[in-house]
>>> print(open('entry29.cif').read())   # mmCIF, C-alpha atoms
data_run
loop_
_atom_site.group_PDB
_atom_site.id
_atom_site.type_symbol
_atom_site.label_atom_id
_atom_site.label_comp_id
_atom_site.auth_asym_id
_atom_site.auth_seq_id
_atom_site.Cartn_x
_atom_site.Cartn_y
_atom_site.Cartn_z
ATOM 1 C CA MET A 1 -0.676 -24.351 1.328
ATOM 2 C CA VAL A 2 -1.284 -25.848 -2.119
ATOM 3 C CA LYS A 3 1.198 -28.681 -1.444
ATOM 4 C CA ASN A 4 -0.722 -29.441 1.724
ATOM 5 C CA VAL A 5 -3.993 -29.626 -0.195
ATOM 6 C CA LEU A 6 -2.485 -31.841 -2.911
ATOM 7 C CA GLU A 7 -1.664 -34.416 -0.237
ATOM 8 C CA LYS A 8 -5.419 -35.061 0.072
ATOM 9 C CA ASP A 9 -5.328 -36.900 -3.280
ATOM 10 C CA ASN A 10 -7.747 -39.514 -1.980
ATOM 11 C CA LEU A 11 -10.488 -36.901 -2.367
ATOM 12 C CA GLU A 12 -12.317 -36.777 -5.685
ATOM 13 C CA TYR A 13 -12.284 -32.955 -5.732
ATOM 14 C CA ILE A 14 -8.481 -32.872 -5.407
ATOM 15 C CA GLN A 15 -8.079 -35.523 -8.093
ATOM 16 C CA GLN A 16 -10.259 -33.513 -10.475
ATOM 17 C CA ASN A 17 -8.355 -30.292 -9.808
ATOM 18 C CA LYS A 18 -4.827 -31.671 -9.492
ATOM 19 C CA GLU A 19 -3.655 -30.060 -12.745
ATOM 20 C CA ASN A 20 -4.830 -26.601 -11.661
ATOM 21 C CA LEU A 21 -3.303 -26.947 -8.199
ATOM 22 C CA THR A 22 0.005 -28.134 -9.615
ATOM 23 C CA LYS A 23 0.071 -25.190 -12.014
ATOM 24 C CA VAL A 24 0.371 -22.620 -9.224
ATOM 25 C CA LEU A 25 3.391 -24.414 -7.748
ATOM 26 C CA GLN A 26 5.443 -23.414 -10.771
ATOM 27 C CA ASN A 27 7.560 -20.272 -10.330
ATOM 28 C CA GLU A 28 6.621 -19.156 -13.846
ATOM 29 C CA PHE A 29 2.991 -18.775 -12.822
ATOM 30 C CA TRP A 30 3.821 -16.000 -10.333
ATOM 31 C CA GLU A 31 5.871 -13.934 -12.766
ATOM 32 C CA ASP A 32 3.895 -10.929 -14.036
ATOM 33 C CA LEU A 33 0.465 -11.973 -12.780
ATOM 34 C CA THR A 34 -2.350 -10.972 -15.109
ATOM 35 C CA PHE A 35 -6.019 -10.329 -14.353
ATOM 36 C CA GLU A 36 -6.732 -13.786 -15.773
ATOM 37 C CA ASP A 37 -4.224 -15.365 -13.375
ATOM 38 C CA ILE A 38 -5.836 -13.653 -10.387
ATOM 39 C CA GLU A 39 -9.264 -14.723 -11.585
ATOM 40 C CA PHE A 40 -7.945 -18.271 -11.893
ATOM 41 C CA LEU A 41 -6.628 -18.157 -8.302
ATOM 42 C CA VAL A 42 -9.882 -16.781 -6.944
ATOM 43 C CA ASN A 43 -12.216 -19.078 -8.905
ATOM 44 C CA GLU A 44 -10.218 -22.307 -9.194
ATOM 45 C CA ILE A 45 -7.675 -22.416 -6.369
ATOM 46 C CA ALA A 46 -9.334 -20.609 -3.453
ATOM 47 C CA PRO A 47 -12.257 -23.093 -3.202
ATOM 48 C CA ALA A 48 -9.767 -25.954 -2.748
ATOM 49 C CA MET A 49 -8.259 -24.295 0.326
ATOM 50 C CA LYS A 50 -11.106 -25.617 2.478
ATOM 51 C CA TYR A 51 -9.121 -28.875 2.432
ATOM 52 C CA PHE A 52 -6.009 -27.204 3.884
ATOM 53 C CA THR A 53 -5.019 -28.531 7.304
ATOM 54 C CA PRO A 54 -2.155 -26.833 9.201
ATOM 55 C CA LYS A 55 0.645 -29.111 10.339
ATOM 56 C CA PRO A 56 2.760 -28.632 13.464
ATOM 57 C CA LYS A 57 6.227 -27.430 12.565
ATOM 58 C CA ASP A 58 9.117 -29.734 13.355
ATOM 59 C CA ILE A 59 11.682 -28.397 15.782
ATOM 60 C CA ILE A 60 15.145 -28.885 14.354
ATOM 61 C CA GLU A 61 18.020 -28.675 16.775
ATOM 62 C CA THR A 62 21.443 -27.669 15.470
ATOM 63 C CA ASP A 63 24.769 -26.751 17.012
ATOM 64 C CA VAL A 64 24.932 -23.611 14.838
ATOM 65 C CA PRO A 65 23.987 -20.503 16.843
ATOM 66 C CA ASP A 66 21.424 -18.146 15.360
ATOM 67 C CA ARG A 67 22.838 -14.969 13.909
ATOM 68 C CA ILE A 68 21.119 -12.141 15.736
ATOM 69 C CA LEU A 69 20.985 -8.765 14.059
ATOM 70 C CA ASP A 70 21.983 -6.109 16.594
ATOM 71 C CA VAL A 71 20.103 -3.014 15.491
ATOM 72 C CA GLY A 72 21.655 -1.050 18.342
ATOM 73 C CA GLU A 73 25.150 -1.758 17.027
ATOM 74 C CA ILE A 74 24.163 -0.637 13.523
ATOM 75 C CA ILE A 75 22.850 2.637 14.928
ATOM 76 C CA LYS A 76 26.077 3.172 16.905
ATOM 77 C CA GLU A 77 28.205 2.517 13.811
ATOM 78 C CA ILE A 78 26.414 4.997 11.527
ATOM 79 C CA PRO A 79 28.308 8.115 12.779
ATOM 80 C CA GLU A 80 31.523 6.344 11.775
ATOM 81 C CA ASP A 81 30.239 5.297 8.364
ATOM 82 C CA GLU A 82 30.732 8.216 5.990
ATOM 83 C CA ASP A 83 28.885 6.570 3.111
ATOM 84 C CA LEU A 84 25.797 5.923 5.225
ATOM 85 C CA LYS A 85 25.886 9.410 6.698
ATOM 86 C CA ARG A 86 26.076 10.886 3.205
ATOM 87 C CA LEU A 87 23.199 8.733 1.988
ATOM 88 C CA LEU A 88 20.971 9.743 4.909
ATOM 89 C CA GLU A 89 21.822 13.395 4.340
ATOM 90 C CA TYR A 90 21.203 13.563 0.606
ATOM 91 C CA ASN A 91 18.769 10.746 -0.220
ATOM 92 C CA PRO A 92 15.438 12.400 -1.220
ATOM 93 C CA VAL A 93 13.304 9.880 0.675
ATOM 94 C CA ALA A 94 15.374 10.233 3.858
ATOM 95 C CA ARG A 95 15.150 14.006 3.511
ATOM 96 C CA LYS A 96 11.362 13.841 3.222
ATOM 97 C CA LEU A 97 11.211 11.918 6.491
ATOM 98 C CA LYS A 98 13.600 14.362 8.141
ATOM 99 C CA ASN A 99 11.409 17.258 6.990
ATOM 100 C CA GLY A 100 8.378 15.712 8.658
ATOM 101 C CA GLU A 101 6.787 14.284 5.496
ATOM 102 C CA CYS A 102 5.358 10.800 5.190
ATOM 103 C CA ILE A 103 6.380 8.415 2.397
ATOM 104 C CA SER A 104 4.724 5.711 0.335
ATOM 105 C CA SER A 105 5.588 2.028 0.329
ATOM 106 C CA LYS A 106 7.364 2.477 -3.015
ATOM 107 C CA GLU A 107 9.547 5.242 -1.614
ATOM 108 C CA LEU A 108 10.343 3.152 1.444
ATOM 109 C CA LEU A 109 11.506 0.277 -0.765
ATOM 110 C CA GLU A 110 13.703 2.683 -2.727
ATOM 111 C CA LEU A 111 15.355 3.833 0.502
ATOM 112 C CA GLU A 112 15.739 0.239 1.679
ATOM 113 C CA ASN A 113 17.549 -0.633 -1.575
ATOM 114 C CA GLU A 114 19.935 2.283 -1.117
ATOM 115 C CA LEU A 115 20.675 1.316 2.487
ATOM 116 C CA LYS A 116 21.269 -2.365 1.779
ATOM 117 C CA SER A 117 23.580 -1.503 -1.118
ATOM 118 C CA LEU A 118 25.911 -0.167 1.586
ATOM 119 C CA ARG A 119 24.942 -2.517 4.405
ATOM 120 C CA PRO A 120 23.287 -5.733 3.103
ATOM 121 C CA GLU A 121 21.874 -6.536 6.538
ATOM 122 C CA ILE A 122 19.738 -3.384 6.561
ATOM 123 C CA THR A 123 16.499 -4.742 5.107
ATOM 124 C CA ILE A 124 12.907 -4.339 6.217
ATOM 125 C CA ASN A 125 12.664 -8.060 6.919
ATOM 126 C CA ASN A 126 15.831 -8.129 9.046
ATOM 127 C CA ILE A 127 15.134 -4.980 11.036
ATOM 128 C CA GLN A 128 11.500 -5.972 11.704
ATOM 129 C CA LYS A 129 12.786 -8.989 13.647
ATOM 130 C CA GLU A 130 13.997 -6.628 16.362
ATOM 131 C CA THR A 131 12.175 -3.325 15.899
ATOM 132 C CA ASP A 132 9.895 -1.559 13.449
ATOM 133 C CA PHE A 133 11.734 -0.430 10.305
ATOM 134 C CA ILE A 134 10.193 3.040 10.467
ATOM 135 C CA LEU A 135 11.314 3.386 14.089
ATOM 136 C CA PHE A 136 14.789 2.354 12.959
ATOM 137 C CA LEU A 137 14.743 5.034 10.239
ATOM 138 C CA ARG A 138 13.593 7.655 12.729
ATOM 139 C CA GLU A 139 16.560 6.753 14.931
ATOM 140 C CA ILE A 140 19.244 6.837 12.243
ATOM 141 C CA ILE A 141 17.840 9.964 10.573
ATOM 142 C CA GLY A 142 17.443 11.746 13.892
ATOM 143 C CA ILE A 143 13.711 12.438 14.135
ATOM 144 C CA THR A 144 11.082 11.777 16.784
ATOM 145 C CA ARG A 145 7.352 11.246 16.519
ATOM 146 C CA GLU A 146 4.779 10.379 19.150
ATOM 147 C CA LYS A 147 2.773 7.983 16.987
ATOM 148 C CA ASP A 148 3.806 4.340 16.676
ATOM 149 C CA PRO A 149 4.321 3.711 12.922
ATOM 150 C CA GLN A 150 2.384 0.458 12.837
ATOM 151 C CA GLU A 151 -0.558 2.034 14.634
ATOM 152 C CA LEU A 152 -0.460 4.932 12.186
ATOM 153 C CA ILE A 153 -0.476 2.563 9.194
ATOM 154 C CA GLU A 154 -3.382 0.562 10.632
ATOM 155 C CA GLU A 155 -5.391 3.735 11.285
ATOM 156 C CA ARG A 156 -4.866 4.948 7.725
ATOM 157 C CA PHE A 157 -5.684 1.508 6.323
ATOM 158 C CA LYS A 158 -8.972 1.511 8.228
ATOM 159 C CA LYS A 159 -9.799 5.045 7.103
ATOM 160 C CA HIS A 160 -8.945 4.656 3.405
ATOM 161 C CA ILE A 161 -9.920 1.025 2.793
ATOM 162 C CA ILE A 162 -12.188 -0.479 5.449
ATOM 163 C CA ASP A 163 -14.385 2.502 6.356
ATOM 164 C CA ASN A 164 -15.102 3.502 2.752
ATOM 165 C CA GLU A 165 -17.296 0.536 1.851
ATOM 166 C CA LYS A 166 -19.526 -2.119 3.330
ATOM 167 C CA TYR A 167 -18.110 -5.633 3.473
ATOM 168 C CA ASN A 168 -19.407 -9.011 4.543
ATOM 169 C CA GLU A 169 -17.827 -10.874 7.459
ATOM 170 C CA ARG A 170 -15.390 -12.931 5.373
ATOM 171 C CA GLN A 171 -14.273 -9.886 3.413
ATOM 172 C CA LEU A 172 -13.604 -8.075 6.683
ATOM 173 C CA ASN A 173 -11.597 -11.047 7.952
ATOM 174 C CA PHE A 174 -9.380 -10.742 4.879
ATOM 175 C CA LEU A 175 -9.015 -6.975 5.265
ATOM 176 C CA TYR A 176 -8.094 -7.160 8.943
ATOM 177 C CA THR A 177 -5.431 -9.768 8.118
ATOM 178 C CA LEU A 178 -4.147 -7.574 5.296
ATOM 179 C CA LYS A 179 -4.011 -4.576 7.636
ATOM 180 C CA LYS A 180 -1.794 -6.421 10.109
ATOM 181 C CA VAL A 181 0.452 -7.903 7.414
ATOM 182 C CA PHE A 182 0.934 -4.587 5.633
ATOM 183 C CA ALA A 183 1.671 -2.724 8.874
ATOM 184 C CA GLN A 184 4.412 -5.293 9.531
ATOM 185 C CA ARG A 185 5.889 -5.726 6.047
ATOM 186 C CA LYS A 186 5.303 -2.148 4.764
ATOM 187 C CA HIS A 187 4.601 -3.505 1.261
ATOM 188 C CA ILE A 188 2.281 -6.073 -0.273
ATOM 189 C CA GLU A 189 2.126 -7.798 -3.654
ATOM 190 C CA ILE A 190 -0.901 -9.500 -5.155
ATOM 191 C CA ALA A 191 0.878 -12.870 -4.930
ATOM 192 C CA ASP A 192 1.291 -12.449 -1.146
ATOM 193 C CA ILE A 193 -2.431 -12.734 -0.458
ATOM 194 C CA PHE A 194 -2.496 -16.279 -1.809
ATOM 195 C CA ASP A 195 -0.109 -17.489 0.885
ATOM 196 C CA ASP A 196 -0.024 -17.621 4.684
ATOM 197 C CA PRO A 197 -1.445 -16.037 6.771
ATOM 198 C CA PHE A 198 -4.299 -15.334 4.363
ATOM 199 C CA ASP A 199 -7.360 -17.563 4.115
ATOM 200 C CA LEU A 200 -8.108 -18.080 0.439
ATOM 201 C CA SER A 201 -11.775 -18.658 1.155
ATOM 202 C CA ASN A 202 -11.839 -15.035 2.327
ATOM 203 C CA VAL A 203 -9.749 -13.835 -0.614
ATOM 204 C CA SER A 204 -12.261 -15.431 -2.973
ATOM 205 C CA GLN A 205 -14.942 -13.030 -1.720
ATOM 206 C CA PHE A 206 -13.443 -10.339 -3.986
ATOM 207 C CA ASN A 207 -13.186 -10.245 -7.755
ATOM 208 C CA ASN A 208 -9.758 -9.749 -9.328
ATOM 209 C CA GLU A 209 -10.225 -6.042 -10.096
ATOM 210 C CA LYS A 210 -11.250 -5.302 -6.509
ATOM 211 C CA LEU A 211 -8.253 -7.207 -5.149
ATOM 212 C CA LYS A 212 -5.875 -5.200 -7.301
ATOM 213 C CA ASP A 213 -7.581 -1.978 -6.245
ATOM 214 C CA ILE A 214 -7.196 -2.891 -2.557
ATOM 215 C CA ILE A 215 -3.522 -3.784 -2.995
ATOM 216 C CA ASN A 216 -2.850 -0.516 -4.845
ATOM 217 C CA LYS A 217 -4.583 1.534 -2.142
ATOM 218 C CA CYS A 218 -2.653 -0.370 0.489
ATOM 219 C CA ASN A 219 0.704 0.498 -1.058
ATOM 220 C CA GLU A 220 -0.327 4.146 -1.368
ATOM 221 C CA ILE A 221 -0.741 4.490 2.416
ATOM 222 C CA LYS A 222 1.729 7.066 3.745
ATOM 223 C CA MET A 223 4.004 6.119 6.636
ATOM 224 C CA CYS A 224 6.413 8.108 8.740
#
>>> encode(input="entry29.cif", output="structure tokens")
Amino acid sequence: MVKNVLEKDNLEYIQQNKENLTKVLQNEFWEDLTFEDIEFLVNEIAPAMKYFTPKPKDIIETDVPDRILDVGEIIKEIPEDEDLKRLLEYNPVARKLKNGECISSKELLELENELKSLRPEITINNIQKETDFILFLREIIGITREKDPQELIEERFKKHIIDNEKYNERQLNFLYTLKKVFAQRKHIEIADIFDDPFDLSNVSQFNNEKLKDIINKCNEIKMC
């Protein structure tokens, strides 16, 4: 998004803020974000996003076939994989799910790390391309629930974050985007909200402390 805005260097505003915009393109900026960094993004970078203009994506044709992750095959292979079976039996997070408990985003990431240490293709991002990661966990752990996990996450997000306070229209636009993104990704970092699909003009409606509070509450939402 920032690269897109920097292309409008014929505009006086972009010329005046080029140094600030260039700063956030450096990887070092995003390492260990501080309150001051977030304040800088909200106050200095977000206002420039009004000059962002989406570009159509080029379609690149190649002779290399896409590698499709077959979740069904992974599920079929688990009974034959002793290491995976042992992990699912003794891992504390997997056991919580099997016992009917819900888990936090942090716990889910811990389980994901354990699973991908045995099978690198088992990641939230990969599995979400075909099915919901929580649904996948239910299947391989051997549990059933009536509620769709994404619907459950969105309901809890609305209850614990949206319904607790009054927000203006642009703040609500941000929160509804965050709700959808979190339900899909199962985890959110402060840096994520300064990239697609978030509108930085909506992000800028919150101060840095409130943004951190929202992100923390988001990651505390229980899922199962």
>>> atom_distance(input="entry29.cif", atom1="CA of His187 in chain A", atom2="CA of Asn99 in chain A")
22.6 Å
>>> closest_residue(input="entry29.cif", among="A:Leu11, A:Ile193, A:Leu172, A:Ile103", to="Asn219 in chain A", atoms="only C-alpha atoms")
A:Ile103
>>> atom_distance(input="entry29.cif", atom1="CA of Asp9 in chain A", atom2="CA of Val24 in chain A")
16.5 Å
>>> atom_distance(input="entry29.cif", atom1="CA of Met49 in chain A", atom2="CA of Lys166 in chain A")
25.1 Å
>>> residues_near_point(input="entry29.cif", point="(15.1, -4.9, 7.0)", cutoff="12 Å", atoms="all atoms listed in the file", output="mmCIF file with C-alpha atoms, keeping the file's coordinate frame")
data_model
loop_
_atom_site.group_PDB
_atom_site.id
_atom_site.type_symbol
_atom_site.label_atom_id
_atom_site.label_comp_id
_atom_site.auth_asym_id
_atom_site.auth_seq_id
_atom_site.Cartn_x
_atom_site.Cartn_y
_atom_site.Cartn_z
ATOM 1 C CA LEU A 69 20.985 -8.765 14.059
ATOM 2 C CA ASP A 70 21.983 -6.109 16.594
ATOM 3 C CA VAL A 71 20.103 -3.014 15.491
ATOM 4 C CA ILE A 74 24.163 -0.637 13.523
ATOM 5 C CA LEU A 108 10.343 3.152 1.444
ATOM 6 C CA LEU A 109 11.506 0.277 -0.765
ATOM 7 C CA LEU A 111 15.355 3.833 0.502
ATOM 8 C CA GLU A 112 15.739 0.239 1.679
ATOM 9 C CA ASN A 113 17.549 -0.633 -1.575
ATOM 10 C CA GLU A 114 19.935 2.283 -1.117
ATOM 11 C CA LEU A 115 20.675 1.316 2.487
ATOM 12 C CA LYS A 116 21.269 -2.365 1.779
ATOM 13 C CA ARG A 119 24.942 -2.517 4.405
ATOM 14 C CA PRO A 120 23.287 -5.733 3.103
ATOM 15 C CA GLU A 121 21.874 -6.536 6.538
ATOM 16 C CA ILE A 122 19.738 -3.384 6.561
ATOM 17 C CA THR A 123 16.499 -4.742 5.107
ATOM 18 C CA ILE A 124 12.907 -4.339 6.217
ATOM 19 C CA ASN A 125 12.664 -8.060 6.919
ATOM 20 C CA ASN A 126 15.831 -8.129 9.046
ATOM 21 C CA ILE A 127 15.134 -4.980 11.036
ATOM 22 C CA GLN A 128 11.500 -5.972 11.704
ATOM 23 C CA LYS A 129 12.786 -8.989 13.647
ATOM 24 C CA GLU A 130 13.997 -6.628 16.362
ATOM 25 C CA THR A 131 12.175 -3.325 15.899
ATOM 26 C CA ASP A 132 9.895 -1.559 13.449
ATOM 27 C CA PHE A 133 11.734 -0.430 10.305
ATOM 28 C CA ILE A 134 10.193 3.040 10.467
ATOM 29 C CA LEU A 135 11.314 3.386 14.089
ATOM 30 C CA PHE A 136 14.789 2.354 12.959
ATOM 31 C CA LEU A 137 14.743 5.034 10.239
ATOM 32 C CA GLN A 184 4.412 -5.293 9.531
ATOM 33 C CA ARG A 185 5.889 -5.726 6.047
ATOM 34 C CA LYS A 186 5.303 -2.148 4.764
#
>>> residues_around(input="entry29.cif", residues="Asp37 in chain A", least_positions_apart="5", cutoff="12 Å", atoms="all atoms listed in the file", output="JSON, numbers by chain")
{"A": [20, 23, 24, 28, 29, 30, 31, 32, 42, 43, 44, 45, 190, 191, 194, 207, 208, 209, 212]}
>>> residues_around(input="entry29.cif", residues="Leu200 in chain A", least_positions_apart="2", cutoff="12 Å", atoms="all atoms listed in the file", output="PDB file with C-alpha atoms, in the frame of the given file")
ATOM      1  CA  MET A   1      -0.676 -24.351   1.328  1.00  0.00           C
ATOM      2  CA  VAL A   2      -1.284 -25.848  -2.119  1.00  0.00           C
ATOM      3  CA  ILE A  38      -5.836 -13.653 -10.387  1.00  0.00           C
ATOM      4  CA  LEU A  41      -6.628 -18.157  -8.302  1.00  0.00           C
ATOM      5  CA  VAL A  42      -9.882 -16.781  -6.944  1.00  0.00           C
ATOM      6  CA  ASN A  43     -12.216 -19.078  -8.905  1.00  0.00           C
ATOM      7  CA  GLU A  44     -10.218 -22.307  -9.194  1.00  0.00           C
ATOM      8  CA  ILE A  45      -7.675 -22.416  -6.369  1.00  0.00           C
ATOM      9  CA  ALA A  46      -9.334 -20.609  -3.453  1.00  0.00           C
ATOM     10  CA  PRO A  47     -12.257 -23.093  -3.202  1.00  0.00           C
ATOM     11  CA  ALA A  48      -9.767 -25.954  -2.748  1.00  0.00           C
ATOM     12  CA  MET A  49      -8.259 -24.295   0.326  1.00  0.00           C
ATOM     13  CA  LYS A  50     -11.106 -25.617   2.478  1.00  0.00           C
ATOM     14  CA  TYR A  51      -9.121 -28.875   2.432  1.00  0.00           C
ATOM     15  CA  PHE A  52      -6.009 -27.204   3.884  1.00  0.00           C
ATOM     16  CA  ARG A 170     -15.390 -12.931   5.373  1.00  0.00           C
ATOM     17  CA  GLN A 171     -14.273  -9.886   3.413  1.00  0.00           C
ATOM     18  CA  ASN A 173     -11.597 -11.047   7.952  1.00  0.00           C
ATOM     19  CA  PHE A 174      -9.380 -10.742   4.879  1.00  0.00           C
ATOM     20  CA  THR A 177      -5.431  -9.768   8.118  1.00  0.00           C
ATOM     21  CA  ALA A 191       0.878 -12.870  -4.930  1.00  0.00           C
ATOM     22  CA  ASP A 192       1.291 -12.449  -1.146  1.00  0.00           C
ATOM     23  CA  ILE A 193      -2.431 -12.734  -0.458  1.00  0.00           C
ATOM     24  CA  PHE A 194      -2.496 -16.279  -1.809  1.00  0.00           C
ATOM     25  CA  ASP A 195      -0.109 -17.489   0.885  1.00  0.00           C
ATOM     26  CA  ASP A 196      -0.024 -17.621   4.684  1.00  0.00           C
ATOM     27  CA  PRO A 197      -1.445 -16.037   6.771  1.00  0.00           C
ATOM     28  CA  PHE A 198      -4.299 -15.334   4.363  1.00  0.00           C
ATOM     29  CA  ASN A 202     -11.839 -15.035   2.327  1.00  0.00           C
ATOM     30  CA  VAL A 203      -9.749 -13.835  -0.614  1.00  0.00           C
ATOM     31  CA  SER A 204     -12.261 -15.431  -2.973  1.00  0.00           C
ATOM     32  CA  GLN A 205     -14.942 -13.030  -1.720  1.00  0.00           C
ATOM     33  CA  PHE A 206     -13.443 -10.339  -3.986  1.00  0.00           C
TER      34      PHE A 206
END
>>> closest_residue(input="entry29.cif", among="A:Ala183, A:Met223, A:Leu178, A:Ala94", to="Gln150 in chain A", atoms="all atoms listed in the file")
A:Ala183
>>> resolve_selection(input="entry29.cif", expression="the PyMOL selection byres ((chain A and resi 161) around 12)", output="VMD selection string")
chain A and resid 153 to 160 162 to 167 171 to 172 174 to 176 178 to 179 210 to 211 213 to 221
>>> closest_residue(input="entry29.cif", among="A:Asn27, A:Asn168, A:Ser117, A:Thr53", to="Glu7 in chain A", atoms="all atoms listed in the file")
A:Thr53
>>> closest_residue(input="entry29.cif", among="A:Lys85, A:Lys222, A:Lys76, A:Lys98", to="Leu152 in chain A", atoms="all atoms listed in the file")
A:Lys222
>>> closest_residue(input="entry29.cif", among="A:Ile141, A:Ser104, A:Leu118, A:Glu110", to="Leu84 in chain A", atoms="all atoms listed in the file")
A:Leu118
>>> axis_aligned_box(input="entry29.cif", around="range 175-184 of chain A", padding_each_side="5 Å", output="JSON")
{"center_x": -2.3, "center_y": -6.2, "center_z": 7.7, "size_x": 23.4, "size_y": 17.0, "size_z": 14.8}
